[in-house]
Structure formats: C-alpha cells, structure tokens
Amino acid sequence: MCKKSYYGNCDPETSNNEYCIFHKPNKSEEEAKEFWRKIIKTFEPKIKTITYNKVAKVRCLAFEKRANFEGYVFPPVFKKYEDEWCYWGYFEYALFMDGASFKNCIFEGSISFMRAVFFGGATFRNARFKEDVDFSEAHFIGRTDFTRACFEAPAFFIGTKFVSFGSLNDIDLLKDYGSNVTVIFKNTEFRDRVTFHRASFEAPLLMTGACFHSPGEDFLEDIKAITFKYASNKVELCRALRKSCEKLHLSEEADRAFVCEMRALRRWRTQRKILMAKAIRQKISAAMMRLRYFRFIARPLLLSLLKGYVYLAYLMVKSWFIQATAYLVNIIEFLVADVTCEYGVNWIRPILIWLTTVLLFFPTLYTFVTLLGYRSISPTGSGLSNLLQTSIYFSVVTATGIGYGSVHPVGVGKIIASIEAIFSTFMWGIFLVVFVRKYMRD
Ligand SMILES: [Zn+2]
C-alpha cells in the first residue's frame, strides 16, 4: 500500500509498493521515465504543438481535466532524454483548463512553468521546490495559492500575471478585503533569490508571513517594475519584504521597504475612498433611471418624487465630499510625513529643510517685504546689507525660540514670524525624533 494513498490519486498498478510511482521520492532515471509515461496515460493531456513568434514550434501539454497532482514527487529532468518523452518534464507552455493542484508536491529538479496558463485556479500549498523554478510569463487565472510553499532555490516570476477569475467587484473588495483575496503567498518561504520583475497583480494579494531569506539589493528596484491594480497589493508585498529585512537585520533595506509600504498605504487609502465615491455615484445613476420610469406611472406622487431627487442630490454631494477629503488627506500626509522625512526614515531631509527655510527663505521674505515698503522687523539699521544681516539674525532667533527681543517683528512681520516659529519648531521636533530613531536602535 502506498504511504501517500490518502491523497487518493495513486497509480493503481504500483500502489502495492511502499510508494506508488507517482509518490515515490528519489526516483531513478528509469522510474522517472515511467513516471512521465504514467502522467500522460492517467491525465490524458492533449499534446499540442504551438507556434510561438511565428517561428519557434513548441510542444506543450494541455490538461482538459482537473489535474490533481497532490503529493506527487516530480523527478529532475534527465537532459539526455530531452528530445523524447522526458521533454514533458517541463510544464512550459502547459495549459491547465480546469484547475491544477500541486498541493504537497515535491519538485526534486528544476522545473519550468514558463508561459503556462492556469485556468480555474492553481494551488501549490506546501509544495517544495528543491531546485530553481520558473513561472515567467505564466498566467494565473482564478485563485492562486502558494500557502507555505517553499522555494529552496531561485524562483522567477518575471512578467507573471495574476488575474482574478470573472469580474471582481471593487465594492465587495472594499467591504472585506480578506475574503476576496485570490492570490495567496501566505507564509511562503523564499530561501533564495526571487524576482517578480514586470509581474502584474490584477487580483487582491495576501502575503502575510511570507519570508524572503535573500531579498537582494535589486528587489526594491524590482518592485517599481511590478504592476499592482490595487495599492493594497503593494502594501502586502512591501510589508512582507520589510518584515523579512527586519528579521535579517538589514535595517537599510527595511527602511526602504517601509517607505515603499507607507506610500502604498497612503495611495490605497485614497484609492479606497475614490472607489467608494464611485460606488455611490453608480447607485445614483441607477436610481435616476428608476425615478425616470416612476415619473410616468405615478405623476401624482410628486412629493415622494421630490424627496427622491433631494436624497440623490445629498448622495451626490456626499460622494464628492468623500473624494475631495480623500485627496486632501493624501496631500496633507504627503506634506507632513513624506516630504519632511520620508516617513521617519530620512534624517538629513528635515535638517536641510530647516536650514534652507531659516537661513534662506524667511530672511529673504523679511527683506523683500521691507523693500516693498511694508514694515516687517525693527530696528534694521540703514542699507541693504544691514537689512539682510538683521533678517537672518531675527530668523534664527525666532526659529530657535530664543527671541532676545533686540529685534522685534512689526506689521506683516508678526504674521511671518508666527508662521516661522510654528514651522521651525515642528521641523526641529521631526529631526530629533528621526535622528534618535536612526541612531539609537536596539
Ligand atoms: Zn501513491
């Protein structure tokens, strides 16, 4: 009896052995041959020859039935048989028409799913990839599950597309992101390099607990080349990356991932609100259609008709209000948290901003206002150079909160000095916090 018979997909002819041919680990070359022959026999994939780029002819497997490979141990491809049956050791260009399950599978050799198309979902739960694996330009259509999968060697997801099946309703997504997730990399382990260069996540992504053991310097650059339909997808990826970097004590990289994560989070909050506002407007246009119809059949009910229009007008205002506040909050957060110090990661920036404003911007402003004929500070002495010197001195004294009083603001200068005082103490506070965070870590 095969030890993995509980999967219920054993090869009947060899199931009396310790392991059937499908589940047997460490297959010999002969057994590997047998394995692939049996795969073709059992799953009856159509063997197609497709023309790629009008020149290259590629043979591929098209599985029309659901491919249940749970627990199978895929042997390495023995190169010398490449021309024969063993060519199928690769799933390049493979087509899975009705879902594919590679749950608990072990891939003993390197394997390629390059340009494979997975219809109706694919699961690689607990799968182990002992050698490198290539999912480049593969299309995952429907639920894709890599929960607890382990990539022990480099993994390539270059140009891979993750698409949700059917029309995913943005509104359902807003209500409950979690239950609408279709691309899952939960607790997935990437022990070696991994790249998602030019990959495209068009479905909601979950990456909790994913672990990158070797994030690499270029990974963060890579993220720029990934397409995310929802900003939340980027948040997931950056968060997993940041946590991995923190575990590995790569504080520089963790910081960069953190900035990326916070920016994506800001975008996602705005995107969410805009989707919400759009949903309300959709509701309004649907209601308008109904009201128009209603007008014909029930003209006497003018009052309720009026109420309906008033309510719709209220909804319209509400939707625009939601959208406007979303943009406003985004801009404020951008100015306060991103521009000043890149979410607390950059300590040089607040000090540069502080210096340029206190030594350059405000003194120029005081001088300019005085030259225009308004009164800003007093006394200034005579001549432009005296005015400039006094302006700089007054600006520093105001910004540092010393305020000797030897020079004091007058007229418009009072307003400018107030703004400078608030701004400079705020920037100083930010600088201290960011500086301490940077140099006084665990
Ligand atoms: Zn078996």
# chains A, B, ... in the order shown; residues from 1 in each chain; ligands from 1

$ closest_atom_pairs --of "chain A" --to "ligand 1" --cutoff "9 Å" --atoms "only C-alpha atoms and all ligand atoms" --output "CSV"
residue,atom,partner,partner_atom_place_in_ligand_line,distance
A:Met1,CA,ligand 1,1 (Zn),8.0
A:Cys2,CA,ligand 1,1 (Zn),4.6
A:Lys3,CA,ligand 1,1 (Zn),6.5
A:Lys4,CA,ligand 1,1 (Zn),4.9
A:Ser5,CA,ligand 1,1 (Zn),4.8
A:Tyr6,CA,ligand 1,1 (Zn),8.1
A:Tyr7,CA,ligand 1,1 (Zn),7.5
A:Gly8,CA,ligand 1,1 (Zn),7.6
A:Asn9,CA,ligand 1,1 (Zn),6.5
A:Cys10,CA,ligand 1,1 (Zn),3.8
A:Asp11,CA,ligand 1,1 (Zn),6.2
A:Pro12,CA,ligand 1,1 (Zn),8.4
A:Thr14,CA,ligand 1,1 (Zn),8.0
A:Ser15,CA,ligand 1,1 (Zn),5.8
A:Asn16,CA,ligand 1,1 (Zn),8.9
A:Asn17,CA,ligand 1,1 (Zn),8.7
A:Glu18,CA,ligand 1,1 (Zn),8.4
A:Tyr19,CA,ligand 1,1 (Zn),5.4
A:Cys20,CA,ligand 1,1 (Zn),4.1
A:Ile21,CA,ligand 1,1 (Zn),6.8
A:Phe22,CA,ligand 1,1 (Zn),5.8
A:His23,CA,ligand 1,1 (Zn),4.7
A:Lys24,CA,ligand 1,1 (Zn),7.3
A:Gly71,CA,ligand 1,1 (Zn),8.1
A:Tyr72,CA,ligand 1,1 (Zn),7.8

$ select_by_dssp --residues "segment 196-397 of chain A" --states "helix (DSSP H, G or I)" --output "number ranges by chain"
A: 219-224, 231-247, 251-297, 302-341, 348-371, 384-397

$ write_last_selection --atoms "C-alpha atoms" --output "short mmCIF file (atom, residue, chain, number, x, y, z; two decimals), in the first residue's frame"
data_model
loop_
_atom_site.label_atom_id
_atom_site.label_comp_id
_atom_site.auth_asym_id
_atom_site.auth_seq_id
_atom_site.Cartn_x
_atom_site.Cartn_y
_atom_site.Cartn_z
CA PHE A 219 14.49 43.60 -5.16
CA LEU A 220 13.29 47.04 -4.16
CA GLU A 221 14.13 48.31 -7.62
CA ASP A 222 12.15 45.38 -8.93
CA ILE A 223 9.05 46.50 -7.09
CA LYS A 224 8.95 49.60 -9.26
CA ALA A 231 -2.36 49.70 -3.96
CA SER A 232 -3.15 47.23 -1.17
CA ASN A 233 -1.27 44.58 -3.15
CA LYS A 234 1.86 46.69 -2.99
CA VAL A 235 1.34 47.19 0.74
CA GLU A 236 1.25 43.41 1.19
CA LEU A 237 4.44 42.82 -0.77
CA CYS A 238 6.37 45.69 0.83
CA ARG A 239 5.25 44.70 4.32
CA ALA A 240 6.39 41.09 3.85
CA LEU A 241 9.66 42.38 2.48
CA ARG A 242 10.15 44.84 5.33
CA LYS A 243 9.48 42.18 7.97
CA SER A 244 11.93 39.81 6.28
CA CYS A 245 14.59 42.52 6.18
CA GLU A 246 14.00 43.32 9.85
CA LYS A 247 14.46 39.66 10.75
CA SER A 251 17.97 47.96 8.53
CA GLU A 252 18.82 49.98 5.41
CA GLU A 253 16.68 47.74 3.21
CA ALA A 254 13.97 47.51 5.85
CA ASP A 255 13.77 51.30 5.89
CA ARG A 256 13.44 51.47 2.13
CA ALA A 257 10.75 48.82 2.14
CA PHE A 258 9.00 50.72 4.93
CA VAL A 259 8.84 53.96 2.91
CA CYS A 260 7.51 51.96 -0.02
CA GLU A 261 4.90 50.34 2.22
CA MET A 262 3.74 53.63 3.76
CA ARG A 263 3.45 55.33 0.37
CA ALA A 264 1.44 52.40 -0.98
CA LEU A 265 -0.73 52.51 2.13
CA ARG A 266 -1.40 56.20 1.57
CA ARG A 267 -2.35 55.50 -2.03
CA TRP A 268 -4.57 52.59 -1.02
CA ARG A 269 -6.50 54.73 1.49
CA THR A 270 -7.15 57.27 -1.25
CA GLN A 271 -7.96 54.61 -3.84
CA ARG A 272 -10.44 53.00 -1.43
CA LYS A 273 -12.26 56.26 -0.80
CA ILE A 274 -12.43 57.06 -4.51
CA LEU A 275 -13.83 53.61 -5.26
CA MET A 276 -16.39 54.22 -2.52
CA ALA A 277 -17.39 57.57 -4.02
CA LYS A 278 -17.66 55.98 -7.44
CA ALA A 279 -19.89 53.25 -6.00
CA ILE A 280 -22.24 55.90 -4.62
CA ARG A 281 -22.39 57.63 -8.00
CA GLN A 282 -23.19 54.33 -9.68
CA LYS A 283 -26.02 53.91 -7.21
CA ILE A 284 -27.26 57.38 -8.06
CA SER A 285 -27.34 56.79 -11.80
CA ALA A 286 -29.21 53.52 -11.24
CA ALA A 287 -31.72 55.31 -9.01
CA MET A 288 -32.13 58.07 -11.58
CA MET A 289 -33.19 55.50 -14.15
CA ARG A 290 -35.78 54.13 -11.79
CA LEU A 291 -37.07 57.58 -10.88
CA ARG A 292 -37.48 58.50 -14.53
CA TYR A 293 -39.65 55.44 -15.01
CA PHE A 294 -41.54 56.19 -11.83
CA ARG A 295 -42.45 59.68 -13.12
CA PHE A 296 -44.55 58.20 -15.90
CA ILE A 297 -46.57 55.80 -13.85
CA LEU A 302 -44.91 64.40 -6.82
CA LEU A 303 -43.82 64.84 -3.22
CA SER A 304 -42.17 61.46 -2.90
CA LEU A 305 -40.57 62.02 -6.28
CA LEU A 306 -39.14 65.27 -5.00
CA LYS A 307 -37.87 63.55 -1.86
CA GLY A 308 -36.15 61.03 -4.06
CA TYR A 309 -34.34 63.72 -6.01
CA VAL A 310 -33.34 65.56 -2.84
CA TYR A 311 -31.92 62.36 -1.43
CA LEU A 312 -29.99 61.70 -4.62
CA ALA A 313 -28.61 65.22 -4.54
CA TYR A 314 -27.48 64.61 -0.98
CA LEU A 315 -25.77 61.38 -2.07
CA MET A 316 -24.07 63.23 -4.91
CA VAL A 317 -22.69 65.83 -2.53
CA LYS A 318 -21.60 63.08 -0.16
CA SER A 319 -19.74 61.19 -2.86
CA TRP A 320 -17.85 64.30 -3.95
CA PHE A 321 -17.12 65.14 -0.33
CA ILE A 322 -15.64 61.67 0.23
CA GLN A 323 -13.50 62.02 -2.86
CA ALA A 324 -12.33 65.53 -2.04
CA THR A 325 -11.39 64.66 1.56
CA ALA A 326 -9.55 61.57 0.30
CA TYR A 327 -7.36 63.75 -1.93
CA LEU A 328 -6.92 66.33 0.81
CA VAL A 329 -5.85 63.77 3.43
CA ASN A 330 -3.46 62.31 0.89
CA ILE A 331 -1.86 65.69 0.23
CA ILE A 332 -1.59 66.55 3.93
CA GLU A 333 0.01 63.20 4.73
CA PHE A 334 2.34 63.65 1.78
CA LEU A 335 3.47 67.07 3.00
CA VAL A 336 3.72 66.25 6.69
CA ALA A 337 5.12 62.72 6.66
CA ASP A 338 6.65 62.09 3.26
CA VAL A 339 8.19 65.39 2.17
CA THR A 340 9.58 66.27 5.60
CA CYS A 341 11.32 62.99 6.46
CA ILE A 348 19.04 64.56 6.58
CA ARG A 349 15.98 65.95 4.91
CA PRO A 350 14.39 67.70 7.95
CA ILE A 351 17.69 69.35 8.83
CA LEU A 352 18.19 70.53 5.24
CA ILE A 353 14.66 71.87 5.10
CA TRP A 354 15.17 73.57 8.46
CA LEU A 355 18.42 75.20 7.38
CA THR A 356 17.17 76.39 3.99
CA THR A 357 13.99 77.87 5.41
CA VAL A 358 15.59 79.52 8.45
CA LEU A 359 18.73 80.82 6.73
CA LEU A 360 17.36 81.50 3.28
CA PHE A 361 13.61 81.54 2.83
CA PHE A 362 12.41 83.56 5.82
CA PRO A 363 15.26 86.15 5.83
CA THR A 364 14.57 86.76 2.14
CA LEU A 365 10.90 87.16 2.95
CA TYR A 366 11.57 89.74 5.72
CA THR A 367 13.94 91.66 3.42
CA PHE A 368 11.60 91.51 0.46
CA VAL A 369 8.61 92.71 2.48
CA THR A 370 10.66 95.63 3.82
CA LEU A 371 11.93 96.51 0.35
CA LEU A 384 20.57 96.57 2.26
CA SER A 385 23.40 94.60 3.85
CA ASN A 386 22.31 95.72 7.31
CA LEU A 387 18.74 94.72 6.48
CA LEU A 388 19.87 91.28 5.28
CA GLN A 389 22.04 90.65 8.33
CA THR A 390 19.27 91.65 10.70
CA SER A 391 16.80 89.48 8.79
CA ILE A 392 19.00 86.39 9.13
CA TYR A 393 19.68 87.13 12.78
CA PHE A 394 15.99 87.68 13.51
CA SER A 395 15.03 84.50 11.61
CA VAL A 396 17.47 82.33 13.60
CA VAL A 397 16.43 83.88 16.91
#

$ select_by_dssp --residues "segment 52-247 of chain A" --states "strand (DSSP E)" --output "PyMOL selection string"
chain A and resi 52+56-63+67-68+73-74+95-96+100-101+106-107+111-112+117-118+122-123+128-129+133-134+139-141+144-145+150-151+155-156+161-163+183-184+189-190+194-195+200-201+205-206+211-212+227-228

$ closest_atom_pairs --of "segment 190-215 of chain A" --to "segment 155-162 of chain A" --cutoff "6 Å" --atoms "only C-alpha atoms" --output "CSV"
residue,atom,partner,partner_atom,distance
A:Val194,CA,A:Ala155,CA,4.7
A:Thr195,CA,A:Phe156,CA,5.3
A:Phe196,CA,A:Phe157,CA,4.7
A:His197,CA,A:Ile158,CA,4.9
A:Arg198,CA,A:Gly159,CA,4.5
A:Ala199,CA,A:Gly159,CA,4.1
A:Ser200,CA,A:Lys161,CA,4.8
A:Phe201,CA,A:Phe162,CA,5.0
A:Glu202,CA,A:Phe162,CA,5.8

$ residues_around --residues "Cys60 of chain A" --least-positions-apart "2" --cutoff "12 Å" --atoms "only C-alpha atoms" --output "PDB file with C-alpha atoms, in the first residue's frame"
ATOM      1  CA  ILE A  40       0.463  11.167 -19.786  1.00  0.00           C
ATOM      2  CA  PRO A  45      -3.312  15.741 -21.658  1.00  0.00           C
ATOM      3  CA  LYS A  46      -3.555  16.753 -25.278  1.00  0.00           C
ATOM      4  CA  ILE A  47      -0.108  17.174 -26.689  1.00  0.00           C
ATOM      5  CA  LYS A  48      -0.130  20.306 -28.752  1.00  0.00           C
ATOM      6  CA  THR A  49       2.402  21.929 -30.946  1.00  0.00           C
ATOM      7  CA  ILE A  50       2.122  25.660 -30.862  1.00  0.00           C
ATOM      8  CA  THR A  51       3.878  28.223 -32.933  1.00  0.00           C
ATOM      9  CA  TYR A  52       5.476  30.937 -30.970  1.00  0.00           C
ATOM     10  CA  LYS A  57       7.416  25.475 -32.593  1.00  0.00           C
ATOM     11  CA  VAL A  58       6.824  24.400 -29.029  1.00  0.00           C
ATOM     12  CA  ALA A  62      -2.977  20.713 -22.373  1.00  0.00           C
ATOM     13  CA  PHE A  63      -4.795  19.253 -19.400  1.00  0.00           C
ATOM     14  CA  TRP A  85       9.132  11.749 -23.663  1.00  0.00           C
ATOM     15  CA  TYR A  87      10.698  16.643 -22.701  1.00  0.00           C
ATOM     16  CA  TRP A  88       7.420  16.757 -20.785  1.00  0.00           C
ATOM     17  CA  GLY A  89       9.382  17.087 -17.593  1.00  0.00           C
ATOM     18  CA  TYR A  90       8.879  20.737 -18.210  1.00  0.00           C
ATOM     19  CA  PHE A  91       5.476  22.344 -17.918  1.00  0.00           C
ATOM     20  CA  GLU A  92       6.491  25.071 -20.321  1.00  0.00           C
ATOM     21  CA  TYR A  93       3.501  26.415 -22.219  1.00  0.00           C
ATOM     22  CA  ALA A  94       1.311  23.924 -20.369  1.00  0.00           C
ATOM     23  CA  LEU A  95      -2.384  24.603 -20.308  1.00  0.00           C
ATOM     24  CA  PHE A  96      -4.482  23.678 -17.282  1.00  0.00           C
ATOM     25  CA  SER A 112       9.709  25.370 -15.608  1.00  0.00           C
ATOM     26  CA  PHE A 113       6.139  26.608 -15.826  1.00  0.00           C
ATOM     27  CA  MET A 114       7.201  29.282 -18.256  1.00  0.00           C
ATOM     28  CA  ARG A 115       4.218  30.708 -20.180  1.00  0.00           C
ATOM     29  CA  ALA A 116       1.931  28.106 -18.603  1.00  0.00           C
ATOM     30  CA  VAL A 117      -1.706  29.094 -18.264  1.00  0.00           C
TER      31      VAL A 117
END

$ residues_around --residues "Leu206 of chain A" --least-positions-apart "5" --cutoff "9 Å" --atoms "only C-alpha atoms" --output "MDAnalysis selection string"
chainID A and resid 178 181:186 233 236:237

$ atom_distance --atom1 "atom CA of Gly383 of chain A" --atom2 "atom CA of Ser406 of chain A"
18.4 Å

$ closest_residue --among "A:Asp98, A:Ile111, A:Asn187, A:Phe118" --to "Ala153 of chain A" --atoms "only C-alpha atoms"
A:Ile111

$ residues_around --residues "Gly121 of chain A" --least-positions-apart "6" --cutoff "8 Å" --atoms "only C-alpha atoms" --output "short mmCIF file (atom, residue, chain, number, x, y, z; two decimals) with C-alpha atoms, in the first residue's frame"
data_model
loop_
_atom_site.label_atom_id
_atom_site.label_comp_id
_atom_site.auth_asym_id
_atom_site.auth_seq_id
_atom_site.Cartn_x
_atom_site.Cartn_y
_atom_site.Cartn_z
CA ASP A 98 -9.86 23.05 -15.15
CA GLY A 99 -7.57 23.87 -12.26
CA ALA A 100 -4.38 22.28 -11.10
CA PHE A 140 -2.70 32.51 -13.16
CA ILE A 141 -6.39 32.97 -13.76
CA GLY A 142 -8.51 32.44 -10.68
CA ARG A 143 -7.50 31.53 -7.17
CA THR A 144 -3.75 31.05 -6.83
#

$ residues_around --residues "Pro75 of chain A" --least-positions-apart "5" --cutoff "9 Å" --atoms "only C-alpha atoms" --output "NGL selection string"
:A and (25-29 or 31-32 or 35 or 89 or 106-110)

$ write_last_selection --atoms "N, CA and C atoms" --output "mmCIF file, in the first residue's frame"
data_model
loop_
_atom_site.group_PDB
_atom_site.id
_atom_site.type_symbol
_atom_site.label_atom_id
_atom_site.label_comp_id
_atom_site.auth_asym_id
_atom_site.auth_seq_id
_atom_site.Cartn_x
_atom_site.Cartn_y
_atom_site.Cartn_z
ATOM 1 N N PRO A 25 9.707 9.058 -3.697
ATOM 2 C CA PRO A 25 10.799 10.050 -3.714
ATOM 3 C C PRO A 25 12.068 9.447 -4.332
ATOM 4 N N ASN A 26 12.991 10.291 -4.689
ATOM 5 C CA ASN A 26 14.286 9.877 -5.256
ATOM 6 C C ASN A 26 14.149 8.848 -6.373
ATOM 7 N N LYS A 27 13.434 9.212 -7.373
ATOM 8 C CA LYS A 27 13.236 8.273 -8.482
ATOM 9 C C LYS A 27 14.539 8.094 -9.282
ATOM 10 N N SER A 28 14.711 6.886 -9.752
ATOM 11 C CA SER A 28 15.854 6.647 -10.639
ATOM 12 C C SER A 28 15.470 7.138 -12.030
ATOM 13 N N GLU A 29 16.435 7.122 -12.916
ATOM 14 C CA GLU A 29 16.166 7.609 -14.262
ATOM 15 C C GLU A 29 15.066 6.778 -14.924
ATOM 16 N N GLU A 31 12.738 5.091 -13.396
ATOM 17 C CA GLU A 31 11.447 5.381 -12.743
ATOM 18 C C GLU A 31 10.892 6.742 -13.177
ATOM 19 N N ALA A 32 11.805 7.668 -13.411
ATOM 20 C CA ALA A 32 11.379 8.987 -13.878
ATOM 21 C C ALA A 32 10.679 8.873 -15.227
ATOM 22 N N PHE A 35 7.368 7.462 -14.630
ATOM 23 C CA PHE A 35 6.535 8.495 -14.001
ATOM 24 C C PHE A 35 5.854 9.357 -15.061
ATOM 25 N N GLY A 89 8.969 16.767 -18.963
ATOM 26 C CA GLY A 89 9.382 17.087 -17.593
ATOM 27 C C GLY A 89 9.189 18.560 -17.323
ATOM 28 N N ILE A 106 6.566 17.683 -4.313
ATOM 29 C CA ILE A 106 7.992 17.964 -4.173
ATOM 30 C C ILE A 106 8.595 17.969 -5.568
ATOM 31 N N PHE A 107 9.261 19.060 -5.910
ATOM 32 C CA PHE A 107 9.932 19.140 -7.207
ATOM 33 C C PHE A 107 11.418 18.930 -6.950
ATOM 34 N N GLU A 108 11.901 17.759 -7.298
ATOM 35 C CA GLU A 108 13.283 17.422 -6.953
ATOM 36 C C GLU A 108 14.296 18.084 -7.872
ATOM 37 N N GLY A 109 13.890 18.349 -9.084
ATOM 38 C CA GLY A 109 14.804 19.021 -10.003
ATOM 39 C C GLY A 109 14.257 20.386 -10.341
ATOM 40 N N SER A 110 14.985 21.127 -11.161
ATOM 41 C CA SER A 110 14.457 22.428 -11.555
ATOM 42 C C SER A 110 13.272 22.191 -12.483
#
